[in-house]
Amino acid sequence: MTSGFLLVNWRQAGRRCNPLAGPNMVTSLDVHVRICNQEIFRFDLEVKELIQDINDCSGSLSALTELNTKVKEKFQQLWLSRQELEQSAKEQDKELEKHILLQEVENHKKQMLSNQT
């Protein structure tokens, strides 16, 4: 998969770099994209933890309802972060960067769908 190869090469020294701007230049958009990805990853993990808590819940209906409410809130935050990443992708001037980010967004959408099943 070409986009995966480009994405791996786009990351250097643990931070996101613009492959077309040079190896040591980090733009504000790169930082924003990195933050979006970190939020998506964090919210995804939180959703998975809450789903596991629901599966393990042997408490009252109110406890189960509270967990369910928390899952919905985290899904909303996850969705908003993904939307923000998608908007950043659409604002890219360079087609390569746009393509890479839109592929990331698509991967996050698939991940979200897998959490719902």
# chains A, B, ... in the order shown; residues from 1 in each chain; ligands from 1
$ closest_atom_pairs --of "region 60-107 of chain A" --to "region 45-53 of chain A" --cutoff "10 Å" --atoms "only C-alpha atoms" --output "tab-separated table"
residue	atom	partner	partner_atom	distance
A:Leu64	CA	A:Asp53	CA	8.9
A:Leu67	CA	A:Leu50	CA	6.6
A:Asn68	CA	A:Leu50	CA	8.0
A:Thr69	CA	A:Leu50	CA	9.9
A:Lys70	CA	A:Leu50	CA	7.5
A:Val71	CA	A:Val47	CA	5.7
A:Lys72	CA	A:Val47	CA	8.6
A:Glu73	CA	A:Val47	CA	9.1
A:Lys74	CA	A:Val47	CA	6.1
A:Phe75	CA	A:Val47	CA	6.9
A:Leu78	CA	A:Val47	CA	8.8
$ write_last_selection --atoms "all heavy atoms" --output "CSV table (one decimal), in the first residue's frame"
chain,number,residue,atom,x,y,z
A,64,LEU,N,-25.0,0.6,34.3
A,64,LEU,CA,-24.9,0.3,32.9
A,64,LEU,C,-25.3,1.5,32.1
A,64,LEU,O,-24.6,1.8,31.1
A,64,LEU,CB,-25.8,-0.9,32.6
A,64,LEU,CG,-25.6,-1.5,31.2
A,64,LEU,CD1,-24.2,-2.0,31.0
A,64,LEU,CD2,-26.6,-2.7,31.1
A,67,LEU,N,-22.4,4.0,32.1
A,67,LEU,CA,-21.3,3.6,31.2
A,67,LEU,C,-21.7,3.9,29.7
A,67,LEU,O,-20.9,4.4,29.0
A,67,LEU,CB,-21.0,2.1,31.4
A,67,LEU,CG,-20.3,1.8,32.7
A,67,LEU,CD1,-20.2,0.3,32.9
A,67,LEU,CD2,-18.8,2.4,32.7
A,68,ASN,N,-23.0,3.6,29.4
A,68,ASN,CA,-23.4,3.8,28.0
A,68,ASN,C,-23.4,5.3,27.7
A,68,ASN,O,-23.0,5.6,26.6
A,68,ASN,CB,-24.8,3.2,27.9
A,68,ASN,CG,-25.3,3.2,26.4
A,68,ASN,OD1,-24.5,2.9,25.6
A,68,ASN,ND2,-26.5,3.6,26.2
A,69,THR,N,-23.7,6.1,28.6
A,69,THR,CA,-23.7,7.6,28.4
A,69,THR,C,-22.3,8.0,28.1
A,69,THR,O,-22.0,8.8,27.2
A,69,THR,CB,-24.3,8.3,29.6
A,69,THR,OG1,-25.7,7.9,29.7
A,69,THR,CG2,-24.2,9.8,29.4
A,70,LYS,N,-21.3,7.5,28.9
A,70,LYS,CA,-19.9,7.8,28.7
A,70,LYS,C,-19.4,7.4,27.4
A,70,LYS,O,-18.6,8.1,26.7
A,70,LYS,CB,-19.1,7.2,29.8
A,70,LYS,CG,-19.3,7.8,31.2
A,70,LYS,CD,-18.4,7.2,32.2
A,70,LYS,CE,-18.6,7.8,33.6
A,70,LYS,NZ,-17.8,7.1,34.6
A,71,VAL,N,-19.8,6.2,26.9
A,71,VAL,CA,-19.4,5.7,25.6
A,71,VAL,C,-19.9,6.7,24.5
A,71,VAL,O,-19.2,7.1,23.6
A,71,VAL,CB,-20.0,4.3,25.3
A,71,VAL,CG1,-19.8,3.9,23.8
A,71,VAL,CG2,-19.3,3.3,26.2
A,72,LYS,N,-21.2,7.1,24.6
A,72,LYS,CA,-21.7,8.0,23.6
A,72,LYS,C,-21.0,9.3,23.6
A,72,LYS,O,-20.7,9.9,22.6
A,72,LYS,CB,-23.2,8.3,23.9
A,72,LYS,CG,-24.1,7.2,23.6
A,72,LYS,CD,-25.6,7.5,24.0
A,72,LYS,CE,-26.5,6.3,23.7
A,72,LYS,NZ,-27.8,6.6,24.1
A,73,GLU,N,-20.6,9.8,24.8
A,73,GLU,CA,-19.8,11.1,24.9
A,73,GLU,C,-18.4,10.9,24.2
A,73,GLU,O,-18.0,11.8,23.5
A,73,GLU,CB,-19.6,11.5,26.3
A,73,GLU,CG,-20.9,12.0,27.0
A,73,GLU,CD,-20.7,12.2,28.5
A,73,GLU,OE1,-19.7,11.9,29.1
A,73,GLU,OE2,-21.7,12.6,29.2
A,74,LYS,N,-17.8,9.8,24.5
A,74,LYS,CA,-16.5,9.6,23.9
A,74,LYS,C,-16.6,9.4,22.4
A,74,LYS,O,-15.7,9.8,21.6
A,74,LYS,CB,-15.8,8.4,24.5
A,74,LYS,CG,-15.4,8.6,26.0
A,74,LYS,CD,-14.4,9.7,26.1
A,74,LYS,CE,-14.2,10.0,27.6
A,74,LYS,NZ,-13.3,11.2,27.8
A,75,PHE,N,-17.6,8.7,21.9
A,75,PHE,CA,-17.8,8.6,20.5
A,75,PHE,C,-18.0,9.9,19.8
A,75,PHE,O,-17.5,10.2,18.7
A,75,PHE,CB,-19.0,7.7,20.2
A,75,PHE,CG,-18.7,6.3,19.8
A,75,PHE,CD1,-19.1,5.2,20.5
A,75,PHE,CD2,-17.9,6.0,18.6
A,75,PHE,CE1,-18.8,3.9,20.2
A,75,PHE,CE2,-17.6,4.7,18.3
A,75,PHE,CZ,-18.0,3.7,19.0
A,78,LEU,N,-14.7,11.5,19.7
A,78,LEU,CA,-13.9,10.8,18.6
A,78,LEU,C,-14.3,11.3,17.2
A,78,LEU,O,-13.5,11.6,16.4
A,78,LEU,CB,-14.1,9.3,18.8
A,78,LEU,CG,-13.4,8.4,17.8
A,78,LEU,CD1,-11.9,8.6,17.9
A,78,LEU,CD2,-13.7,6.9,18.1
$ atom_distance --atom1 "CA of Lys90 (chain A)" --atom2 "CA of Asn115 (chain A)"
25.3 Å
$ residues_around --residues "region 102-113 of chain A" --least-positions-apart "6" --cutoff "9 Å" --atoms "only C-alpha atoms" --output "ChimeraX atom specification"
/A:3-4,7,37,40-41,44,75,78-79,82-83,85-86,89-90
$ write_last_selection --atoms "N, CA, C and O atoms" --output "PDB file, in the first residue's frame"
ATOM      1  N   SER A   3       0.202   4.538   0.288  1.00  0.00           N
ATOM      2  CA  SER A   3      -0.046   5.586   1.281  1.00  0.00           C
ATOM      3  C   SER A   3       0.550   5.213   2.627  1.00  0.00           C
ATOM      4  O   SER A   3       1.035   6.069   3.346  1.00  0.00           O
ATOM      5  N   GLY A   4       0.537   3.929   2.985  1.00  0.00           N
ATOM      6  CA  GLY A   4       1.155   3.501   4.232  1.00  0.00           C
ATOM      7  C   GLY A   4       2.649   3.718   4.217  1.00  0.00           C
ATOM      8  O   GLY A   4       3.252   4.140   5.192  1.00  0.00           O
ATOM      9  N   LEU A   7       3.257   7.378   4.591  1.00  0.00           N
ATOM     10  CA  LEU A   7       2.956   7.805   5.944  1.00  0.00           C
ATOM     11  C   LEU A   7       4.096   7.462   6.887  1.00  0.00           C
ATOM     12  O   LEU A   7       4.496   8.271   7.715  1.00  0.00           O
ATOM     13  N   ASN A  37      -4.596  13.370  15.618  1.00  0.00           N
ATOM     14  CA  ASN A  37      -4.338  11.929  15.637  1.00  0.00           C
ATOM     15  C   ASN A  37      -4.186  11.410  17.061  1.00  0.00           C
ATOM     16  O   ASN A  37      -4.674  10.324  17.384  1.00  0.00           O
ATOM     17  N   ILE A  40      -7.666  11.265  18.559  1.00  0.00           N
ATOM     18  CA  ILE A  40      -8.410  10.142  17.989  1.00  0.00           C
ATOM     19  C   ILE A  40      -7.959   8.844  18.648  1.00  0.00           C
ATOM     20  O   ILE A  40      -8.783   8.014  19.054  1.00  0.00           O
ATOM     21  N   PHE A  41      -6.667   8.665  18.780  1.00  0.00           N
ATOM     22  CA  PHE A  41      -6.124   7.456  19.402  1.00  0.00           C
ATOM     23  C   PHE A  41      -6.587   7.349  20.858  1.00  0.00           C
ATOM     24  O   PHE A  41      -7.047   6.300  21.299  1.00  0.00           O
ATOM     25  N   ASP A  44     -10.351   6.651  21.068  1.00  0.00           N
ATOM     26  CA  ASP A  44     -10.602   5.280  20.634  1.00  0.00           C
ATOM     27  C   ASP A  44     -10.298   4.304  21.767  1.00  0.00           C
ATOM     28  O   ASP A  44     -11.087   3.386  22.033  1.00  0.00           O
ATOM     29  N   PHE A  75     -17.623   8.693  21.919  1.00  0.00           N
ATOM     30  CA  PHE A  75     -17.831   8.558  20.475  1.00  0.00           C
ATOM     31  C   PHE A  75     -18.015   9.925  19.833  1.00  0.00           C
ATOM     32  O   PHE A  75     -17.504  10.187  18.740  1.00  0.00           O
ATOM     33  N   LEU A  78     -14.662  11.521  19.658  1.00  0.00           N
ATOM     34  CA  LEU A  78     -13.905  10.825  18.617  1.00  0.00           C
ATOM     35  C   LEU A  78     -14.348  11.291  17.237  1.00  0.00           C
ATOM     36  O   LEU A  78     -13.529  11.590  16.372  1.00  0.00           O
ATOM     37  N   TRP A  79     -15.648  11.377  17.040  1.00  0.00           N
ATOM     38  CA  TRP A  79     -16.192  11.819  15.756  1.00  0.00           C
ATOM     39  C   TRP A  79     -15.738  13.250  15.446  1.00  0.00           C
ATOM     40  O   TRP A  79     -15.348  13.551  14.318  1.00  0.00           O
ATOM     41  N   ARG A  82     -12.115  13.314  14.442  1.00  0.00           N
ATOM     42  CA  ARG A  82     -11.965  12.780  13.082  1.00  0.00           C
ATOM     43  C   ARG A  82     -12.417  13.812  12.051  1.00  0.00           C
ATOM     44  O   ARG A  82     -11.782  14.001  11.029  1.00  0.00           O
ATOM     45  N   GLN A  83     -13.506  14.516  12.345  1.00  0.00           N
ATOM     46  CA  GLN A  83     -13.989  15.569  11.444  1.00  0.00           C
ATOM     47  C   GLN A  83     -12.952  16.683  11.311  1.00  0.00           C
ATOM     48  O   GLN A  83     -12.745  17.217  10.222  1.00  0.00           O
ATOM     49  N   LEU A  85      -9.705  16.375  11.651  1.00  0.00           N
ATOM     50  CA  LEU A  85      -8.615  15.854  10.826  1.00  0.00           C
ATOM     51  C   LEU A  85      -9.012  15.869   9.350  1.00  0.00           C
ATOM     52  O   LEU A  85      -8.223  16.244   8.489  1.00  0.00           O
ATOM     53  N   GLU A  86     -10.250  15.491   9.072  1.00  0.00           N
ATOM     54  CA  GLU A  86     -10.731  15.489   7.686  1.00  0.00           C
ATOM     55  C   GLU A  86     -10.734  16.910   7.115  1.00  0.00           C
ATOM     56  O   GLU A  86     -10.341  17.132   5.972  1.00  0.00           O
ATOM     57  N   ALA A  89      -7.290  17.880   6.249  1.00  0.00           N
ATOM     58  CA  ALA A  89      -6.875  17.216   5.008  1.00  0.00           C
ATOM     59  C   ALA A  89      -7.409  17.965   3.791  1.00  0.00           C
ATOM     60  O   ALA A  89      -6.685  18.187   2.819  1.00  0.00           O
ATOM     61  N   LYS A  90      -8.651  18.380   3.858  1.00  0.00           N
ATOM     62  CA  LYS A  90      -9.261  19.077   2.727  1.00  0.00           C
ATOM     63  C   LYS A  90      -8.636  20.442   2.485  1.00  0.00           C
ATOM     64  O   LYS A  90      -8.699  20.961   1.369  1.00  0.00           O
TER      65      LYS A  90
END
